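Have a look at my_file-v9.tsv below; it lists TSV, C-alpha atoms.
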chain	number	residue	atom	x	y	z
H	79	MET	CA	-22.87	-26.15	-56.57
H	80	LYS	CA	-23.60	-23.46	-53.97
H	81	GLU	CA	-20.85	-21.18	-52.75
H	82	THR	CA	-20.49	-21.34	-48.97
H	83	VAL	CA	-19.84	-18.02	-47.27
H	84	GLY	CA	-18.53	-18.13	-43.73
H	85	VAL	CA	-19.79	-15.65	-41.15
H	86	LEU	CA	-17.70	-15.20	-38.02
H	87	VAL	CA	-20.02	-14.00	-35.25
H	88	MET	CA	-17.84	-12.50	-32.53
H	89	SER	CA	-18.71	-11.61	-28.96
H	90	TYR	CA	-17.11	-11.21	-25.54
H	91	GLY	CA	-17.81	-14.70	-24.25
H	92	THR	CA	-18.66	-16.00	-20.80
H	93	PRO	CA	-17.71	-18.96	-18.60
H	94	GLU	CA	-19.88	-22.02	-19.05
H	95	SER	CA	-19.84	-22.92	-15.34
H	96	LEU	CA	-18.72	-21.52	-12.00
H	97	GLU	CA	-15.65	-23.75	-12.23
H	98	GLN	CA	-14.56	-21.82	-15.34
H	99	VAL	CA	-14.89	-18.36	-13.78
H	100	GLU	CA	-11.27	-18.21	-12.60
H	101	ALA	CA	-9.81	-19.22	-15.98
H	102	TYR	CA	-12.17	-16.81	-17.76
H	103	TYR	CA	-11.15	-13.79	-15.71
H	104	THR	CA	-7.50	-14.81	-15.82
H	105	HIS	CA	-7.77	-14.57	-19.62
H	106	ILE	CA	-9.47	-11.17	-19.37
H	107	ARG	CA	-6.68	-10.01	-17.03
H	108	ARG	CA	-4.01	-11.14	-19.52
H	109	GLY	CA	-2.83	-14.10	-17.50
H	110	ASN	CA	-3.16	-12.55	-14.04
H	111	ALA	CA	-5.49	-14.64	-11.91
H	112	PRO	CA	-8.02	-12.82	-9.73
H	113	SER	CA	-7.31	-12.81	-6.01
H	114	PRO	CA	-9.36	-15.15	-3.80
H	115	GLU	CA	-11.45	-12.17	-2.70
H	116	GLN	CA	-12.04	-11.04	-6.29
H	117	LEU	CA	-12.88	-14.58	-7.37
H	118	LYS	CA	-15.44	-14.94	-4.59
H	119	GLU	CA	-17.06	-11.64	-5.55
H	120	LEU	CA	-17.25	-12.70	-9.21
H	121	LYS	CA	-18.75	-16.08	-8.41
H	122	ASP	CA	-21.24	-14.44	-6.05
H	123	ARG	CA	-22.40	-12.20	-8.90
H	124	TYR	CA	-22.99	-15.14	-11.22
H	125	GLU	CA	-24.82	-17.02	-8.49
H	126	ALA	CA	-27.02	-13.99	-7.80
H	127	ILE	CA	-28.50	-13.82	-11.30
H	128	VAL	CA	-31.29	-16.15	-12.37
H	129	GLY	CA	-29.78	-19.12	-14.17
H	130	GLY	CA	-26.25	-18.43	-12.93
H	131	VAL	CA	-23.59	-18.34	-15.65
H	132	PHE	CA	-25.76	-19.71	-18.40
H	133	PRO	CA	-27.88	-16.89	-19.88
H	134	LEU	CA	-25.16	-15.18	-21.92
H	135	ARG	CA	-23.72	-18.38	-23.35
H	136	GLU	CA	-27.14	-19.75	-24.23
H	137	ASN	CA	-28.20	-16.41	-25.70
H	138	THR	CA	-25.07	-16.14	-27.82
H	139	ASP	CA	-25.44	-19.70	-29.11
H	140	ARG	CA	-29.07	-18.95	-29.97
H	141	GLN	CA	-28.12	-15.69	-31.70
H	142	VAL	CA	-25.59	-17.47	-33.93
H	143	HIS	CA	-28.12	-20.16	-34.85
H	144	SER	CA	-30.90	-17.63	-35.47
H	145	LEU	CA	-28.63	-15.43	-37.57
H	146	GLN	CA	-27.73	-18.33	-39.86
H	147	GLU	CA	-31.41	-19.12	-40.36
H	148	THR	CA	-32.20	-15.46	-41.06
H	149	LEU	CA	-29.33	-15.05	-43.50
H	150	ASN	CA	-30.36	-18.01	-45.60
H	151	ARG	CA	-34.00	-16.95	-45.53
H	152	GLU	CA	-33.29	-13.33	-46.49
H	153	ASN	CA	-30.55	-14.07	-49.01
H	154	ARG	CA	-31.89	-13.75	-52.57
H	155	ASN	CA	-28.94	-15.47	-54.25
H	156	PRO	CA	-29.76	-19.18	-54.71
H	157	ASP	CA	-26.11	-19.95	-55.41
H	158	VAL	CA	-24.90	-18.77	-52.01
H	159	GLU	CA	-25.28	-20.39	-48.59
H	160	PHE	CA	-24.22	-18.67	-45.37
H	161	VAL	CA	-22.73	-20.70	-42.52
H	162	CYS	CA	-22.16	-19.01	-39.15
H	163	TYR	CA	-19.23	-19.73	-36.86
H	164	GLN	CA	-18.77	-18.45	-33.33
H	165	GLY	CA	-15.63	-16.64	-32.16
H	166	LEU	CA	-15.33	-15.44	-28.56
H	167	LYS	CA	-12.86	-12.95	-27.13
H	168	HIS	CA	-12.28	-14.56	-23.75
H	169	ALA	CA	-13.68	-18.11	-23.93
H	170	ARG	CA	-13.72	-21.10	-26.24
H	171	PRO	CA	-14.28	-21.20	-29.11
H	172	PHE	CA	-11.92	-18.23	-29.32
H	173	ILE	CA	-11.96	-15.88	-32.32
H	174	GLU	CA	-8.96	-17.75	-33.71
H	175	ASP	CA	-10.78	-21.07	-33.28
H	176	GLY	CA	-13.73	-19.82	-35.33
H	177	VAL	CA	-11.49	-18.61	-38.16
H	178	GLY	CA	-9.50	-21.82	-38.08
H	179	GLN	CA	-12.65	-23.92	-38.28
H	180	MET	CA	-13.86	-21.97	-41.31
H	181	ALA	CA	-10.56	-22.60	-43.07
H	182	ALA	CA	-10.66	-26.29	-42.11
H	183	ASP	CA	-14.16	-26.52	-43.59
H	184	GLY	CA	-12.92	-25.19	-46.90
H	185	ILE	CA	-14.35	-21.67	-46.59
H	186	LYS	CA	-12.51	-19.28	-48.92
H	187	LYS	CA	-14.32	-16.00	-48.19
H	188	ALA	CA	-15.94	-14.85	-44.97
H	189	ILE	CA	-17.58	-11.90	-43.26
H	190	GLY	CA	-16.83	-10.95	-39.67
H	191	ILE	CA	-19.28	-9.15	-37.38
H	192	VAL	CA	-19.28	-8.35	-33.66
H	193	LEU	CA	-22.43	-8.57	-31.55
H	194	ALA	CA	-21.99	-4.91	-30.60
H	195	PRO	CA	-23.52	-2.14	-32.72
H	196	HIS	CA	-21.01	0.58	-31.79
H	197	TYR	CA	-17.38	0.74	-32.93
H	198	SER	CA	-14.45	1.53	-30.68
H	199	SER	CA	-10.73	1.11	-31.13
H	200	MET	CA	-10.76	-0.45	-27.65
H	201	SER	CA	-13.46	-3.02	-28.36
H	202	VAL	CA	-14.62	-3.95	-31.87
H	203	ALA	CA	-11.24	-3.10	-33.40
H	204	GLY	CA	-9.58	-5.69	-31.16
H	205	TYR	CA	-11.93	-8.44	-32.33
H	206	ILE	CA	-11.29	-7.56	-35.97
H	207	LYS	CA	-7.52	-7.46	-35.51
H	208	ARG	CA	-7.43	-10.96	-34.03
H	209	ALA	CA	-9.65	-12.35	-36.79
H	210	GLN	CA	-7.61	-10.64	-39.51
H	211	GLU	CA	-4.35	-12.05	-38.20
H	212	LYS	CA	-5.71	-15.60	-38.03
H	213	ALA	CA	-7.37	-15.27	-41.46
H	214	ALA	CA	-4.09	-14.15	-43.03
H	215	GLU	CA	-2.33	-17.11	-41.45
H	216	ALA	CA	-5.03	-19.52	-42.71
H	217	GLY	CA	-5.21	-18.04	-46.22
H	218	LEU	CA	-8.82	-16.96	-45.73
H	219	GLU	CA	-10.17	-13.77	-47.31
H	220	MET	CA	-12.29	-11.82	-44.84
H	221	ALA	CA	-14.24	-8.57	-44.82
H	222	PHE	CA	-15.57	-6.96	-41.64
H	223	ILE	CA	-18.53	-4.89	-40.47
H	224	GLU	CA	-17.36	-2.25	-38.03
H	225	SER	CA	-20.70	-0.83	-36.84
H	226	TYR	CA	-24.42	-0.79	-37.52
H	227	HIS	CA	-25.59	1.60	-34.82
H	228	LEU	CA	-28.16	3.46	-36.96
H	229	HIS	CA	-29.63	0.59	-38.94
H	230	PRO	CA	-33.41	1.28	-39.18
H	231	LYS	CA	-34.37	-2.19	-37.91
H	232	LEU	CA	-32.08	-1.84	-34.89
H	233	ILE	CA	-33.60	1.54	-34.06
H	234	LYS	CA	-37.09	0.09	-34.51
H	235	ALA	CA	-36.37	-2.88	-32.22
H	236	LEU	CA	-34.95	-0.63	-29.49
H	237	SER	CA	-37.66	2.02	-29.75
H	238	GLN	CA	-40.37	-0.66	-29.53
H	239	ARG	CA	-38.82	-1.85	-26.29
H	240	VAL	CA	-38.67	1.66	-24.86
H	241	ALA	CA	-42.29	2.35	-25.83
H	242	ALA	CA	-43.47	-0.95	-24.34
H	243	LYS	CA	-41.92	-0.16	-20.96
H	244	LEU	CA	-43.29	3.37	-20.97
H	245	ASP	CA	-46.72	1.79	-21.45
H	246	LEU	CA	-46.10	-0.21	-18.26
H	247	PHE	CA	-45.24	2.96	-16.36
H	248	GLU	CA	-48.57	4.43	-17.51
H	249	GLU	CA	-50.42	1.31	-16.43
H	250	ALA	CA	-48.77	1.69	-13.01
H	251	GLY	CA	-50.18	5.21	-12.74
H	252	ALA	CA	-47.14	7.23	-13.78
H	253	ASP	CA	-47.18	10.14	-16.21
H	254	ARG	CA	-45.46	8.79	-19.32
H	255	ASP	CA	-43.73	12.11	-19.97
H	256	SER	CA	-42.31	12.22	-16.44
H	257	VAL	CA	-40.29	9.03	-16.88
H	258	GLN	CA	-36.57	9.71	-17.21
H	259	VAL	CA	-35.02	7.39	-19.81
H	260	LEU	CA	-31.39	6.48	-19.16
H	261	PHE	CA	-29.58	5.17	-22.22
H	262	SER	CA	-26.38	3.39	-21.25
H	263	ALA	CA	-23.43	1.38	-22.48
H	264	HIS	CA	-20.28	-0.18	-21.12
H	265	SER	CA	-17.85	2.49	-20.00
H	266	LEU	CA	-14.36	2.67	-21.50
H	267	PRO	CA	-11.22	4.50	-20.34
H	268	GLU	CA	-11.51	8.27	-20.80
H	269	ARG	CA	-8.45	8.32	-23.03
H	270	ILE	CA	-10.61	7.31	-26.00
H	271	LEU	CA	-11.83	10.91	-26.05
H	272	SER	CA	-8.37	12.16	-27.02
H	273	ILE	CA	-7.89	9.82	-29.98
H	274	GLY	CA	-10.98	10.63	-32.00
H	275	ASP	CA	-12.68	7.33	-31.18
H	276	PRO	CA	-16.28	7.22	-32.56
H	277	TYR	CA	-17.72	5.17	-29.66
H	278	VAL	CA	-19.31	8.04	-27.74
H	279	ASP	CA	-20.66	9.79	-30.84
H	280	GLN	CA	-22.21	6.59	-32.18
H	281	LEU	CA	-23.91	5.88	-28.85
H	282	MET	CA	-25.33	9.40	-28.74
H	283	GLU	CA	-26.59	9.02	-32.31
H	284	THR	CA	-28.35	5.75	-31.44
H	285	SER	CA	-29.85	7.27	-28.29
H	286	LYS	CA	-31.18	10.29	-30.17
H	287	ALA	CA	-32.67	8.13	-32.94
H	288	VAL	CA	-34.37	5.78	-30.46
H	289	ALA	CA	-35.71	8.66	-28.37
H	290	GLU	CA	-37.18	10.36	-31.43
H	291	SER	CA	-38.70	7.12	-32.71
H	292	ALA	CA	-40.25	6.28	-29.33
H	293	GLY	CA	-41.46	9.83	-28.70
H	294	VAL	CA	-39.23	10.30	-25.64
H	295	SER	CA	-38.53	13.84	-24.53
H	296	ARG	CA	-36.84	13.21	-21.17
H	297	TRP	CA	-33.65	11.26	-21.67
H	298	GLN	CA	-29.95	11.35	-20.97
H	299	PHE	CA	-26.93	9.14	-21.41
H	300	THR	CA	-25.06	7.47	-18.59
H	301	TRP	CA	-22.40	4.80	-18.25
H	302	GLN	CA	-22.08	1.50	-16.46
H	303	SER	CA	-19.82	-1.44	-15.63
H	304	ALA	CA	-16.54	0.52	-15.62
H	305	GLY	CA	-13.37	-1.45	-15.02
H	306	ARG	CA	-11.61	-1.20	-11.69
H	307	THR	CA	-8.33	0.31	-12.81
H	308	ALA	CA	-6.23	3.28	-11.79
H	309	GLU	CA	-7.08	5.34	-14.87
H	310	PRO	CA	-10.36	7.30	-15.14
H	311	TRP	CA	-13.28	5.81	-17.09
H	312	LEU	CA	-16.16	7.51	-18.87
H	313	GLY	CA	-18.89	8.70	-16.52
H	314	PRO	CA	-21.14	9.40	-14.80
H	315	ASP	CA	-21.92	5.87	-13.70
H	316	ILE	CA	-25.59	4.93	-13.64
H	317	LEU	CA	-25.56	4.54	-9.85
H	318	ASP	CA	-24.35	8.13	-9.46
H	319	THR	CA	-26.94	9.23	-12.01
H	320	LEU	CA	-29.72	7.60	-9.99
H	321	HIS	CA	-28.62	9.48	-6.87
H	322	LYS	CA	-28.60	12.79	-8.77
H	323	LEU	CA	-32.03	12.15	-10.26
H	324	SER	CA	-33.36	11.36	-6.80
H	325	GLU	CA	-32.09	14.74	-5.59
H	326	GLU	CA	-34.03	16.28	-8.51
H	327	GLN	CA	-37.21	14.55	-7.29
H	328	VAL	CA	-37.37	12.12	-10.24
H	329	GLU	CA	-39.41	9.08	-9.22
H	330	ASP	CA	-39.67	6.98	-12.39
H	331	VAL	CA	-36.65	5.81	-14.41
H	332	LEU	CA	-36.34	3.54	-17.43
H	333	ALA	CA	-32.94	1.96	-18.04
H	334	ALA	CA	-32.21	1.40	-21.74
H	335	PRO	CA	-28.81	-0.29	-22.08
H	336	ILE	CA	-28.49	0.19	-25.84
H	337	GLY	CA	-24.81	-0.72	-25.86
H	338	PHE	CA	-25.65	-4.33	-25.01
H	339	VAL	CA	-27.49	-6.79	-27.24
H	340	SER	CA	-27.82	-9.75	-24.90
H	341	ASP	CA	-28.69	-10.61	-21.31
H	342	HIS	CA	-25.44	-11.06	-19.44
H	343	LEU	CA	-23.71	-10.01	-16.22
H	344	GLU	CA	-23.59	-6.29	-17.02
H	345	VAL	CA	-27.35	-6.34	-17.55
H	346	LEU	CA	-28.61	-9.07	-15.24
H	347	TYR	CA	-26.42	-8.05	-12.30
H	348	ASP	CA	-25.23	-4.46	-12.78
H	349	LEU	CA	-28.71	-3.23	-13.71
H	350	ASP	CA	-31.26	-5.77	-12.49
H	351	ILE	CA	-29.64	-6.26	-9.08
H	352	GLU	CA	-27.14	-3.50	-8.29
H	353	ALA	CA	-28.96	-0.52	-9.87
H	354	GLN	CA	-32.34	-1.88	-8.77
H	355	THR	CA	-31.10	-2.05	-5.17
H	356	VAL	CA	-29.98	1.58	-5.28
H	357	ALA	CA	-33.30	2.64	-6.84
H	358	LYS	CA	-35.26	0.96	-4.06
H	359	GLU	CA	-33.10	2.64	-1.44
H	360	LEU	CA	-33.92	5.97	-3.12
H	361	ASP	CA	-37.62	5.09	-3.34
H	362	MET	CA	-37.50	5.26	-7.14
H	363	ARG	CA	-39.32	3.03	-9.58
H	364	LEU	CA	-36.76	1.58	-12.02
H	365	MET	CA	-37.58	-0.59	-15.02
H	366	ARG	CA	-35.33	-1.90	-17.79
H	367	ILE	CA	-36.07	-2.51	-21.47
H	368	GLU	CA	-35.85	-6.12	-22.64
H	369	SER	CA	-32.54	-7.13	-24.24
H	370	LEU	CA	-32.45	-7.74	-27.99
H	371	ASN	CA	-31.13	-11.31	-27.72
H	372	SER	CA	-32.54	-13.15	-30.78
H	373	ASP	CA	-35.25	-10.64	-31.64
H	374	PRO	CA	-36.16	-11.05	-35.34
H	375	LEU	CA	-35.54	-7.35	-36.05
H	376	TYR	CA	-32.05	-7.60	-34.58
H	377	MET	CA	-31.33	-10.76	-36.54
H	378	GLU	CA	-32.54	-8.98	-39.69
H	379	THR	CA	-30.28	-6.02	-38.86
H	380	LEU	CA	-27.27	-8.31	-38.76
H	381	SER	CA	-28.42	-10.21	-41.84
H	382	ASP	CA	-28.88	-7.00	-43.84
H	383	VAL	CA	-25.42	-5.64	-43.13
H	384	ILE	CA	-23.77	-9.02	-43.74
H	385	ILE	CA	-25.49	-9.52	-47.09
H	386	ASP	CA	-24.63	-5.94	-48.09
H	387	LYS	CA	-21.00	-6.55	-47.18
H	388	TRP	CA	-21.02	-9.80	-49.17
H	389	LYS	CA	-22.31	-7.97	-52.24
H	390	GLN	CA	-19.38	-5.55	-51.92
H	391	PHE	CA	-17.02	-8.51	-51.63
H	392	ASP	CA	-17.66	-9.43	-55.26
Turn this file's structure into structure tokens for me.
Amino acid sequence: MKETVGVLVMSYGTPESLEQVEAYYTHIRRGNAPSPEQLKELKDRYEAIVGGVFPLRENTDRQVHSLQETLNRENRNPDVEFVCYQGLKHARPFIEDGVGQMAADGIKKAIGIVLAPHYSSMSVAGYIKRAQEKAAEAGLEMAFIESYHLHPKLIKALSQRVAAKLDLFEEAGADRDSVQVLFSAHSLPERILSIGDPYVDQLMETSKAVAESAGVSRWQFTWQSAGRTAEPWLGPDILDTLHKLSEEQVEDVLAAPIGFVSDHLEVLYDLDIEAQTVAKELDMRLMRIESLNSDPLYMETLSDVIIDKWKQFD
């Protein structure tokens, strides 16, 4: 009889419809509902992107399904079968729901992974903590993957995307070497810098590896999608960076949001609509690399680190 290994695939989550937007953001805000003005702005953002609220949820569902297929194809142990479960931070099925379902299905050992390559005590650590607490309660033994930001297949997938877009700039008549590549990720509060958090360093390492692999000489890192709170967040923001580049007479910019692995609001709105609007106002040509979503190389990245972690389990 095959041993079934559970894999908890964790991600941020998204509302499934406009009607769920208020409950979703109330959960994000720890029980504090958004004001009517904030709610309208949020709904307007979802309505502005192609497909509305659906891309992230559909992409995440597809990623979980594709990862399970990849795991069982790449796994060389005929006595082991991997079964993936979804656990979301701010929407159902919540992280605790995914762990509970594994336990209910008789899973004894499981691996947890977050659909985010870079570790931070303010992001990935929170997912792991919630899963650990539920696993201990359910009597489930779990191991976790904290980061995979320099996995060769991840770097290859990202560098291929950067190179492909640089080709498009050339086709449009631009000098490939004149294109400024902006690597970006979700900003976090600046206080992470004082606690030795690896988030920034890991993002810089990924950026450097991708730039070298894609043959990029002109690149820098910028931030995006900062929260609207009283405390300072990591910067500069990509919108400010675009203004500065315009002052420096830069005309062609490639956005490479390497901190995100799926099309969702921070990509489809913050970059494709908000940043694109600013770029047009500045008479700049702005393109964005394609998101990883269910790219086979990304699925193989996840599969590799999960199988390696499983081997350590024994």
Expressed in Å, the length from atom CA of H:Val257 to atom CA of H:Asp330 is 5.0 Å
Can you work out the spacing between atom CA of H:Glu97 and atom CA of H:Asp122 in Å, to one decimal?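 A separation of 12.5 Å between them.
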Counting only C-alpha atoms, find the residues whose atoms lie at most 6 Å from (-28.1, 11.3, -24.5) (file coordinates) and write them out as a PyMOL selection string. chain H and resi 282+285+298-299
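Considering the residues H:Ile367, H:Leu271, H:Val85, H:Ala235 and counting only C-alpha atoms, H:Val259 has its shortest atom-to-atom contact with H:Ile367.
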Protein/DNA/RNA residues near (-28.1, -16.1, -35.3), cut 9 Å, only C-alpha atoms, as a list of chain:residue names: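 The distance filter leaves exactly H:Val87, H:Thr138, H:Asp139, H:Arg140, H:Gln141, H:Val142, H:His143, H:Ser144, H:Leu145, H:Gln146, H:Glu147, H:Thr148, H:Leu149, H:Cys162, H:Ser372, H:Met377, H:Leu380, H:Ser381.
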Long-range neighbours of H:Tyr102 as a list of chain:residue names, 7 Å cut-off, only C-alpha atoms, 5 positions minimum in chain: H:Pro93, H:His168, H:Ala169
Between atom CA of H:Arg296 and atom CA of H:Glu283, distance in Å (one decimal): 15.7 Å
Would you mind telling me which residue in H:Ala353, H:Met200, H:Leu370, H:Ala111 lies nearest to H:Gly274 when using all atoms listed in the file? H:Met200
Enumerate, in order of chain and increasing residue number, the residues of stretch 346-388 of chain H with an atom no farther than 12 Å from stretch 219-225 of chain H, each with its shortest atom pair and distance in Å to one decimal, counting only C-alpha atoms, as JSON lines.
{"residue": "H:Thr379", "atom": "CA", "partner": "H:Ser225", "partner_atom": "CA", "distance": 11.1}
{"residue": "H:Leu380", "atom": "CA", "partner": "H:Ile223", "partner_atom": "CA", "distance": 9.5}
{"residue": "H:Ser381", "atom": "CA", "partner": "H:Ile223", "partner_atom": "CA", "distance": 11.3}
{"residue": "H:Asp382", "atom": "CA", "partner": "H:Ile223", "partner_atom": "CA", "distance": 11.1}
{"residue": "H:Val383", "atom": "CA", "partner": "H:Ile223", "partner_atom": "CA", "distance": 7.4}
{"residue": "H:Ile384", "atom": "CA", "partner": "H:Ile223", "partner_atom": "CA", "distance": 7.4}
{"residue": "H:Ile385", "atom": "CA", "partner": "H:Ile223", "partner_atom": "CA", "distance": 10.7}
{"residue": "H:Asp386", "atom": "CA", "partner": "H:Ile223", "partner_atom": "CA", "distance": 9.8}
{"residue": "H:Lys387", "atom": "CA", "partner": "H:Ile223", "partner_atom": "CA", "distance": 7.3}
{"residue": "H:Trp388", "atom": "CA", "partner": "H:Ala221", "partner_atom": "CA", "distance": 8.1}
Kindly indicate which residue among H:Arg366, H:His342, H:Lys187, H:Lys80 lies nearest to H:Ala213, using all atoms listed in the file for the distances.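 Of H:Arg366, H:His342, H:Lys187, H:Lys80, the one nearest H:Ala213, counting all atoms listed in the file, is H:Lys187.
Neighbouring residues of H:Ser199 at 9 Å or closer, counting all atoms listed in the file and skipping chain neighbours under 6 positions away, are H:Ile270, H:Asp275, H:Pro276, H:Tyr277.
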Using all atoms listed in the file for the distances, tell me which of H:Ala334, H:Phe247, H:Lys121, H:Gly109 is nearest to H:Leu96. H:Lys121
